[in-house]
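Source file: data.cif. Holds: mmCIF, C-alpha atoms and all ligand atoms.
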```cif
data_upload
loop_
_atom_site.label_atom_id
_atom_site.label_comp_id
_atom_site.auth_asym_id
_atom_site.auth_seq_id
_atom_site.Cartn_x
_atom_site.Cartn_y
_atom_site.Cartn_z
CA MET A 30 -19.27 6.56 -6.70
CA HIS A 31 -19.40 8.29 -3.40
CA THR A 32 -16.68 10.64 -2.19
CA GLU A 33 -16.00 11.47 1.43
CA ILE A 34 -13.57 14.07 2.68
CA GLU A 35 -12.32 13.03 6.08
CA ARG A 36 -10.67 15.49 8.43
CA ILE A 37 -7.58 14.56 10.39
CA ALA A 38 -6.78 17.04 13.11
CA ALA A 39 -3.15 18.19 13.15
CA ASP A 40 -1.15 18.21 16.36
CA THR A 41 -1.94 21.80 17.32
CA PRO A 42 -5.18 23.81 17.26
CA GLY A 43 -6.30 25.45 14.04
CA THR A 44 -4.73 23.05 11.55
CA SER A 45 -6.07 19.89 9.97
CA TYR A 46 -5.59 17.63 6.95
CA GLU A 47 -8.04 16.31 4.38
CA LEU A 48 -8.13 12.66 3.37
CA VAL A 49 -10.25 12.07 0.26
CA VAL A 50 -11.84 8.62 0.02
CA HIS A 51 -13.77 7.40 -3.06
CA ARG A 52 -16.08 4.41 -2.79
CA TYR A 53 -17.49 2.49 -5.74
CA GLY A 54 -20.40 0.19 -4.91
CA GLY A 55 -20.26 -3.44 -5.99
CA GLY A 56 -23.32 -5.40 -6.99
CA ASP A 57 -22.44 -8.57 -5.06
CA PRO A 58 -21.54 -8.29 -1.35
CA ASP A 59 -19.84 -11.71 -1.52
CA ALA A 60 -17.54 -10.72 -4.40
CA PRO A 61 -13.96 -9.69 -3.61
CA ALA A 62 -13.64 -6.04 -2.67
CA ALA A 63 -10.53 -4.02 -3.52
CA TYR A 64 -8.75 -1.15 -1.77
CA LEU A 65 -6.13 0.93 -3.59
CA GLN A 66 -4.09 3.77 -2.19
CA ALA A 67 -1.21 5.88 -3.50
CA GLY A 68 1.09 8.61 -2.27
CA LEU A 69 1.78 7.16 1.18
CA HIS A 70 5.26 8.49 0.63
CA GLY A 71 4.27 11.97 -0.44
CA ASN A 72 6.97 12.35 -3.09
CA GLU A 73 5.94 9.21 -5.01
CA ARG A 74 3.48 10.17 -7.71
CA PRO A 75 3.27 7.38 -10.34
CA GLY A 76 0.50 5.65 -8.34
CA VAL A 77 -1.45 8.88 -7.98
CA ALA A 78 -1.33 9.32 -11.75
CA ALA A 79 -2.33 5.70 -12.38
CA LEU A 80 -5.37 6.02 -10.11
CA HIS A 81 -6.33 9.22 -11.97
CA TYR A 82 -6.83 7.07 -15.07
CA LEU A 83 -8.24 4.03 -13.26
CA MET A 84 -11.02 5.89 -11.45
CA PRO A 85 -13.07 6.82 -14.55
CA MET A 86 -12.83 3.17 -15.65
CA LEU A 87 -14.25 2.11 -12.28
CA ALA A 88 -17.00 4.72 -12.58
CA THR A 89 -17.98 3.40 -16.02
CA ALA A 90 -18.05 -0.19 -14.76
CA GLU A 91 -20.21 0.90 -11.84
CA ALA A 92 -22.59 2.86 -14.07
CA GLU A 93 -22.95 -0.11 -16.45
CA GLY A 94 -23.59 -2.57 -13.63
CA ARG A 95 -20.30 -4.40 -14.23
CA LEU A 96 -18.76 -3.62 -10.88
CA VAL A 97 -19.23 -6.83 -8.93
CA GLY A 98 -17.11 -6.16 -5.87
CA ALA A 99 -16.86 -2.86 -4.01
CA VAL A 100 -13.75 -0.73 -4.64
CA THR A 101 -12.30 1.92 -2.34
CA VAL A 102 -9.71 4.34 -3.72
CA VAL A 103 -7.56 6.75 -1.71
CA PRO A 104 -5.47 8.42 -4.41
CA GLN A 105 -3.53 10.70 -2.06
CA ALA A 106 -3.22 8.69 1.11
CA ASN A 107 -0.88 10.99 3.00
CA PRO A 108 -1.81 14.67 3.21
CA ILE A 109 0.73 15.11 6.02
CA ALA A 110 3.62 14.03 3.78
CA ALA A 111 2.18 15.98 0.87
CA GLY A 112 2.49 19.17 2.90
CA GLN A 113 6.16 18.75 3.77
CA HIS A 114 7.77 21.30 1.49
CA VAL A 115 10.92 22.75 2.99
CA LEU A 116 12.83 25.55 1.32
CA ALA A 117 11.25 24.74 -2.07
CA ASP A 118 12.16 21.05 -1.83
CA HIS A 119 9.74 18.28 -0.92
CA LEU A 120 10.43 15.65 1.72
CA GLY A 121 7.78 12.96 1.54
CA ARG A 122 9.36 9.81 2.94
CA PHE A 123 9.97 10.59 6.60
CA SER A 124 7.83 12.61 8.96
CA LEU A 125 9.42 15.97 9.73
CA SER A 126 7.64 15.79 13.06
CA THR A 127 8.93 12.45 14.32
CA ARG A 128 11.54 11.35 11.72
CA VAL A 129 9.62 8.07 11.32
CA ASN A 130 9.25 6.63 7.81
CA PHE A 131 5.61 7.08 6.77
CA ASN A 132 5.52 3.41 5.77
CA ARG A 133 6.64 2.04 9.13
CA ASP A 134 5.19 1.76 12.60
CA TYR A 135 1.67 0.64 11.64
CA PRO A 136 -0.40 -0.95 14.41
CA MET A 137 0.13 -4.71 14.33
CA PRO A 138 -2.17 -7.30 15.91
CA ASP A 139 -1.25 -8.23 19.49
CA ALA A 140 -0.99 -11.79 20.79
CA ASP A 141 -4.78 -12.02 21.08
CA GLY A 142 -5.27 -10.77 17.54
CA ALA A 143 -6.58 -7.34 18.52
CA VAL A 144 -5.20 -4.40 16.51
CA PRO A 145 -4.50 -1.36 18.73
CA LEU A 146 -5.84 1.31 16.37
CA ASP A 147 -5.67 4.96 17.40
CA ALA A 148 -9.05 6.66 17.14
CA ALA A 149 -9.48 10.09 15.51
CA GLU A 150 -9.36 11.79 18.92
CA ALA A 151 -6.55 9.65 20.39
CA PRO A 152 -3.81 11.69 22.11
CA VAL A 153 -1.11 10.70 19.63
CA PHE A 154 0.50 12.47 16.66
CA ALA A 155 -1.56 12.97 13.52
CA GLU A 156 0.57 10.54 11.54
CA ARG A 157 -0.31 7.74 14.00
CA ARG A 158 -3.99 8.54 13.65
CA LEU A 159 -3.64 8.63 9.86
CA LYS A 160 -1.94 5.21 9.84
CA SER A 161 -4.73 3.73 11.94
CA ARG A 162 -7.35 5.26 9.66
CA LEU A 163 -5.74 3.88 6.50
CA LEU A 164 -5.63 0.40 8.03
CA GLU A 165 -9.26 0.78 9.04
CA LEU A 166 -10.26 1.92 5.55
CA SER A 167 -8.53 -1.08 3.97
CA ASP A 168 -10.29 -3.55 6.27
CA GLY A 169 -13.03 -5.62 4.66
CA HIS A 170 -11.23 -5.71 1.29
CA ARG A 171 -9.76 -8.99 0.08
CA ILE A 172 -7.47 -7.11 -2.32
CA VAL A 173 -5.26 -4.32 -0.95
CA LEU A 174 -2.70 -2.54 -3.14
CA ASP A 175 -0.37 0.17 -1.83
CA LEU A 176 1.13 2.03 -4.79
CA HIS A 177 4.65 3.36 -4.29
CA CYS A 178 7.74 3.93 -6.41
CA ASP A 179 11.49 3.77 -5.97
CA ASP A 180 14.12 6.37 -6.92
CA GLU A 181 15.04 5.22 -10.47
CA ALA A 182 13.83 1.66 -10.87
CA LEU A 183 12.26 -1.22 -12.68
CA GLN A 184 8.63 -2.09 -12.05
CA TYR A 185 8.56 -4.47 -9.08
CA LEU A 186 6.40 -5.76 -6.24
CA TYR A 187 6.82 -6.77 -2.63
CA VAL A 188 4.85 -9.93 -1.89
CA ALA A 189 4.65 -12.01 1.29
CA ASP A 190 6.06 -15.52 0.87
CA GLU A 191 2.64 -17.00 1.63
CA LEU A 192 1.12 -15.08 -1.31
CA TRP A 193 3.57 -16.28 -3.95
CA PRO A 194 2.97 -17.55 -6.60
CA ALA A 195 -0.72 -16.76 -6.05
CA LEU A 196 0.04 -13.13 -6.89
CA SER A 197 1.86 -13.84 -10.13
CA ASP A 198 -1.25 -12.50 -11.93
CA LEU A 199 -0.59 -9.06 -10.43
CA SER A 200 3.00 -9.19 -11.61
CA VAL A 201 1.90 -10.11 -15.13
CA CYS A 202 -0.84 -7.46 -15.28
CA LEU A 203 1.51 -4.70 -14.10
CA ARG A 204 4.33 -5.90 -16.36
CA ALA A 205 6.57 -6.14 -13.31
CA ASP A 206 10.14 -7.22 -13.86
CA ALA A 207 10.66 -8.58 -10.37
CA VAL A 208 9.02 -9.67 -7.13
CA ILE A 209 10.72 -9.35 -3.76
CA ARG A 210 9.33 -12.06 -1.52
CA TRP A 211 9.40 -11.24 2.18
CA HIS A 212 8.71 -13.17 5.35
CA ALA A 213 7.97 -12.23 8.97
CA THR A 214 9.56 -8.92 9.81
CA PRO A 215 9.82 -6.22 12.44
CA ASP A 216 9.17 -3.22 10.18
CA ALA A 217 5.38 -2.87 10.55
CA ALA A 218 4.91 -1.36 7.10
CA PHE A 219 1.34 -0.85 5.89
CA GLU A 220 1.54 -4.03 3.80
CA GLU A 221 2.72 -6.07 6.78
CA ALA A 222 -0.05 -4.81 9.04
CA VAL A 223 -2.65 -5.64 6.38
CA PHE A 224 -1.06 -9.03 5.75
CA ALA A 225 -1.08 -9.87 9.49
CA ARG A 226 -4.79 -9.06 9.61
CA MET A 227 -5.52 -11.15 6.51
CA LEU A 228 -3.56 -14.05 7.96
CA GLN A 229 -5.79 -13.97 11.02
CA GLN A 230 -8.92 -13.80 8.89
CA ALA A 231 -8.07 -16.48 6.36
CA GLY A 232 -5.16 -18.54 7.75
CA PRO A 233 -2.02 -19.63 5.88
CA GLU A 234 -3.98 -20.56 2.72
CA LEU A 235 -5.04 -16.93 2.29
CA GLY A 236 -3.55 -16.67 -1.20
CA GLN A 237 -5.69 -19.55 -2.45
CA ALA A 238 -8.70 -17.87 -0.81
CA GLY A 239 -8.16 -14.80 -3.00
CA TYR A 240 -6.54 -12.56 -0.41
CA CYS A 241 -3.97 -10.21 -1.85
CA VAL A 242 -1.79 -7.44 -0.49
CA SER A 243 1.27 -5.90 -2.11
CA THR A 244 3.48 -2.86 -2.02
CA VAL A 245 3.69 -2.02 -5.70
CA GLU A 246 6.77 -0.09 -6.84
CA LEU A 247 5.73 1.70 -10.02
CA ARG A 248 9.26 2.29 -11.32
CA GLY A 249 10.96 5.56 -10.26
CA GLN A 250 9.91 8.96 -8.98
CA GLY A 251 10.49 10.55 -12.38
CA ASP A 252 8.38 7.97 -14.21
CA VAL A 253 5.21 10.02 -14.16
CA SER A 254 3.64 10.38 -17.59
CA PRO A 255 0.24 9.93 -19.24
CA TYR A 256 1.58 6.92 -21.12
CA LEU A 257 2.89 5.05 -18.07
CA ALA A 258 -0.05 6.06 -15.90
CA ARG A 259 -2.53 4.72 -18.49
CA GLN A 260 -0.50 1.54 -18.84
CA ASP A 261 -0.54 1.03 -15.07
CA ALA A 262 -4.26 1.86 -14.86
CA ASP A 263 -4.96 -0.68 -17.61
CA GLY A 264 -2.88 -3.25 -15.72
CA LEU A 265 -4.71 -2.63 -12.45
CA TYR A 266 -8.07 -2.79 -14.25
CA ARG A 267 -7.18 -6.08 -15.92
CA PHE A 268 -6.09 -7.50 -12.57
CA LEU A 269 -9.40 -6.47 -10.97
CA VAL A 270 -11.30 -8.13 -13.83
CA LEU A 271 -9.28 -11.34 -13.55
CA ARG A 272 -9.88 -11.36 -9.80
CA GLY A 273 -13.65 -11.05 -10.24
CA VAL A 274 -14.06 -7.49 -8.97
CA ILE A 275 -15.16 -6.15 -12.38
CA GLU A 276 -16.90 -7.86 -15.27
CA ASP A 277 -15.26 -7.16 -18.61
CA ASP A 278 -13.44 -8.84 -21.47
CA VAL A 279 -9.68 -8.75 -21.03
CA GLU A 280 -6.83 -10.74 -22.43
CA PRO A 281 -6.33 -14.08 -20.67
CA LEU A 282 -3.32 -14.19 -18.41
CA GLU A 283 -0.01 -14.99 -20.06
CA GLU A 284 2.93 -16.69 -18.37
CA LEU A 285 5.47 -14.68 -16.41
CA ALA A 286 8.30 -13.58 -18.71
CA ALA A 287 11.35 -15.82 -18.65
CA SER A 288 13.38 -12.85 -17.39
CA HIS A 289 10.99 -12.24 -14.45
CA ARG A 290 12.82 -12.57 -11.14
CA ALA A 291 10.90 -13.59 -7.97
CA LEU A 292 13.35 -14.24 -5.13
CA PRO A 293 13.47 -13.84 -1.35
CA ILE A 294 14.24 -10.41 0.07
CA ASP A 295 17.60 -11.62 1.37
CA HIS A 296 18.80 -11.65 -2.24
CA VAL A 297 18.60 -7.85 -2.29
CA ASP A 298 21.98 -6.20 -1.83
CA VAL A 299 21.51 -2.56 -0.85
CA LEU A 300 24.86 -1.01 -1.70
CA HIS A 301 26.03 1.96 0.31
CA ALA A 302 28.33 4.79 -0.68
CA PRO A 303 31.91 4.05 0.41
CA ALA A 304 32.59 7.80 0.23
CA GLY A 305 30.73 11.03 -0.21
CA GLY A 306 30.84 12.96 -3.47
CA THR A 307 29.49 13.12 -6.98
CA LEU A 308 27.88 9.91 -8.17
CA LEU A 309 28.58 8.54 -11.64
CA PHE A 310 26.60 5.40 -12.52
CA HIS A 311 27.98 2.88 -14.97
CA VAL A 312 24.82 0.74 -14.94
CA ARG A 313 21.11 1.37 -15.02
CA PRO A 314 18.00 -0.45 -13.73
CA GLY A 315 17.45 -3.61 -15.77
CA ASP A 316 21.13 -4.30 -16.38
CA LEU A 317 22.37 -7.79 -15.53
CA VAL A 318 25.81 -7.50 -13.94
CA ARG A 319 28.55 -9.89 -12.92
CA SER A 320 30.34 -10.04 -9.58
CA GLY A 321 33.11 -7.44 -9.49
CA GLU A 322 31.64 -5.34 -12.32
CA LEU A 323 31.92 -1.57 -11.93
CA LEU A 324 28.51 -0.20 -10.89
CA ALA A 325 29.35 3.39 -10.03
CA GLU A 326 32.12 5.78 -9.19
CA ILE A 327 32.06 8.47 -6.56
CA LEU A 328 34.12 11.53 -7.34
CA VAL A 329 35.66 12.53 -4.04
CA ARG A 330 38.49 14.71 -5.39
CA PRO A 331 37.53 15.40 -9.03
CA GLY A 332 40.36 15.48 -11.55
CA GLU A 333 42.98 14.12 -9.16
CA LEU A 334 44.75 10.82 -9.62
CA GLY A 335 42.90 8.31 -7.43
CA GLY A 336 40.22 10.89 -6.68
CA ALA A 337 37.34 8.54 -7.58
CA VAL A 338 36.15 5.61 -5.47
CA ALA A 339 34.69 2.58 -7.28
CA LEU A 340 31.61 0.67 -6.23
CA ARG A 341 31.55 -2.89 -7.59
CA ALA A 342 28.93 -5.65 -7.71
CA PRO A 343 29.28 -8.03 -4.76
CA GLN A 344 27.67 -10.85 -6.78
CA ASP A 345 25.90 -11.56 -10.08
CA GLY A 346 22.46 -10.02 -10.29
CA LEU A 347 19.91 -7.62 -11.71
CA VAL A 348 20.13 -3.86 -11.10
CA LEU A 349 16.72 -3.16 -9.55
CA SER A 350 17.03 0.51 -8.70
CA ARG A 351 19.51 3.31 -8.26
CA ARG A 352 19.63 6.56 -6.39
CA MET A 353 18.11 9.61 -8.03
CA ARG A 354 20.34 12.27 -6.48
CA ARG A 355 23.86 12.46 -7.81
CA PHE A 356 25.49 14.12 -4.81
CA ILE A 357 25.72 11.74 -1.87
CA ARG A 358 27.06 11.25 1.61
CA ILE A 359 29.24 8.41 2.80
CA GLY A 360 26.90 5.59 3.85
CA ASP A 361 23.96 6.65 1.67
CA ASP A 362 22.10 3.95 -0.27
CA VAL A 363 23.36 3.98 -3.87
CA LEU A 364 21.89 0.99 -5.67
CA LYS A 365 19.76 -2.10 -5.12
CA LEU A 366 21.08 -5.27 -6.70
CA PHE A 367 18.68 -8.23 -6.83
CA GLY A 368 21.33 -10.89 -6.60
CA ASP A 369 21.36 -14.43 -7.93
CA ASN A 370 22.34 -15.51 -4.42
CA ARG A 371 21.62 -14.53 -0.85
CA SER A 372 23.26 -11.25 0.10
CA ALA A 373 26.22 -11.47 2.45
CA HIS A 374 24.62 -8.54 4.30
CA ALA A 375 21.02 -9.75 4.23
CA LYS A 376 18.74 -8.17 6.78
CA THR A 377 15.32 -9.18 7.95
CA GLY A 378 12.38 -6.99 7.04
CA ALA A 379 9.72 -6.55 4.42
CA LEU A 380 11.13 -3.41 2.88
CA ASP A 381 14.36 -1.56 2.85
CA ASN A 382 14.53 1.98 4.12
ZN ZN B 401 7.24 4.48 -1.01
#
```

Translate this file's structure into C-alpha cells.
Amino acid sequence: MHTEIERIAADTPGTSYELVVHRYGGGDPDAPAAYLQAGLHGNERPGVAALHYLMPMLATAEAEGRLVGAVTVVPQANPIAAGQHVLADHLGRFSLSTRVNFNRDYPMPDADGAVPLDAAEAPVFAERRLKSRLLELSDGHRIVLDLHCDDEALQYLYVADELWPALSDLSVCLRADAVIRWHATPDAAFEEAVFARMLQQAGPELGQAGYCVSTVELRGQGDVSPYLARQDADGLYRFLVLRGVIEDDVEPLEELAASHRALPIDHVDVLHAPAGGTLLFHVRPGDLVRSGELLAEILVRPGELGGAVALRAPQDGLVLSRRMRRFIRIGDDVLKLFGDNRSAHAKTGALDN
C-alpha cells in the first residue's frame, strides 16, 4: 500500500487542504480495479468508518498476493466540507463558499466526449478543483463506489438503470433494503459524471462488462458503530472478491430478499413540511405504510386544539428515510417514501437534494 497526501490550495493565500489517497497494487493489470471514497458530504461518517475496517483487509490481501486488481481508497474525500464547523455545529452538505451541494456540479463530458476537468492551478474555487481531482482519481477503475448516508434511513443504493440488475450483487453484499434506479439527469453528481465516462468507455452494455458505479447510502448519519462499520467492510470485501478484485473464499451470492425494493427514482415521494414546528414521527424507516396513513405531525401551536398539522402518506410504500432534526421549517424535507407507484410529484434527477 502506498499513501499519497495531495495538497489542494484554498481560495486565498496561506491556506490549503490535504487529500489522503491510499493505493493498493493489484497483481494483474487486466483485472478489475476498484475505487472507493467516503465523506464527500463531510457530515456523513458511516462510510469513513467502514473503510477504516476494510483497509487492513485490503492490506492483508495485498501482502499475501491475493489482491488481483488495484484498489484506490480515499476515506475522507472532502477536506473542504470536513472543515466547515460553524458555531460548534458542522455543515457538510453544501459549500459555505458557494452554497453548492458538494455532490453536484461535477464536470460532465461534452458533446465530443471530452471532460472539462479543472487542473490544480485552474482559476476556479477549491471545491471545483477537488471535484475534478476526485473524478480523475476514480478514472481507470471499473468499480467506483461513493459511500454516503442519509439522515435516518435504511441501507440503500442509487444505481443507473443501465446497471440494474447487474449490480444486484452489491445490494446483496451490503444487505441493502432498496435500490433507487435513476436515468439521465441534470444533477451532475459524482456518480453521474463517473457513469457518463463509463458509458463512453464501454457503451450501453457496461454492466455486463463489469463496470459498476453507485452512490451507496449506508443508513443514517447516526449509524456509526464498530458493529455496522465491520458489517459494511465485510460486505464491501465480499463484493470485491465476487467481482474478481480479491482472491478469497466467501459465501456464494444469495438471492435478493423478497422484501428488497428496486424501483425507478420517480417512485420516491419526498414529503415536505406543510408547516414549521416540532416534528413528531409516527413511522420509522422500514415501515410499510398505506395511502392516507399518518406519517408525522408538526406541532405548530403546542397544546392548543388544532395546533398540530398532520402529514399523511400520498400512496402505499416503504419509509426509506426520515429527517434527523426535529425542529423544522415550512417546506423542509421530512420523509422519503419509496412508493409502490410513480410519485405524483416525480422529478428528474439521480439524487434528491
Ligand atoms: Zn451524501

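Put simply, CA of Ala207 in chain A is 23.9 Å away from CA of Tyr82 in chain A.
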
**OP:** Please give me, as a list in words, the residues lying within 8 Å of ligand ZN 401 (chain B) when counting all atoms listed in the file.
**Re:** Gly68, Leu69, His70, Glu73, Arg122, Asn132, Leu176, His177, Cys178, Asp179 and Glu246 of chain A

**OP:** Counting only C-alpha atoms, figure out which residue out of A:Leu292, A:Leu159, A:Ile357, A:Ala325 gets nearest to Arg371 in chain A.
**Re:** A:Leu292

**OP:** Using only C-alpha atoms, find the one residue out of A:Pro293, A:Pro61, A:Gly94, A:Gly121 that sits nearest to Leu269 in chain A.
**Re:** A:Pro61

Subject >> Residues within 7 Å of range 304-317 of chain A, only C-alpha atoms, excluding chain neighbours under 3 positions, as a list in words >> reply: Ala182, Leu183, Leu323, Leu324, Ala325, Glu326, Ile327, Leu328, Val329, Gly346, Leu347, Val348, Leu349, Ser350, Arg351, Arg355, Phe356, Ile357, Arg358 and Ile359 of chain A

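Selecting by distance to (7.8, -13.1, 1.0) with a limit of 10 Å and using all atoms listed in the file, one obtains A:Tyr187, A:Val188, A:Ala189, A:Asp190, A:Glu191, A:Leu192, A:Trp193, A:Val208, A:Ile209, A:Arg210, A:Trp211, A:His212, A:Ala213, A:Thr214, A:Ala291, A:Leu292, A:Pro293, A:Ile294, A:Asp295, A:Gly378, A:Ala379.
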
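The gap separating CA of Gln230 in chain A from CA of Gly142 in chain A is 9.9 Å, in Å to one decimal.
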
Original post:
Which residue out of A:Val173, A:Leu163, A:Ala238, A:Leu199 has the minimum interatomic distance to Glu35 in chain A when all atoms listed in the file are used?
Top reply: A:Leu163

**OP:** Compile the contact shell of range 36-53 of chain A as JSON, numbers by chain: residues with an atom at most 9 Å away, counting only C-alpha atoms, same-chain residues fewer than 2 positions apart removed.
**Re:** {"A": [30, 31, 32, 33, 34, 55, 84, 87, 88, 91, 96, 98, 99, 100, 101, 102, 103, 104, 105, 106, 107, 108, 109, 149, 150, 153, 154, 155, 156, 158, 159, 166]}

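Checking A:Leu164, A:Ile275, A:Ala205, A:Val245 one by one against Val223 in chain A, counting all atoms listed in the file, you find the shortest gap at A:Leu164.
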
Original post:
Is there a way to get, as JSON, numbers by chain, all residues within 9 Å of the point (-0.9, -15.4, -16.7) in file coordinates, counting all atoms listed in the file?
Top reply: {"A": [197, 198, 199, 200, 201, 202, 281, 282, 283, 284, 285]}
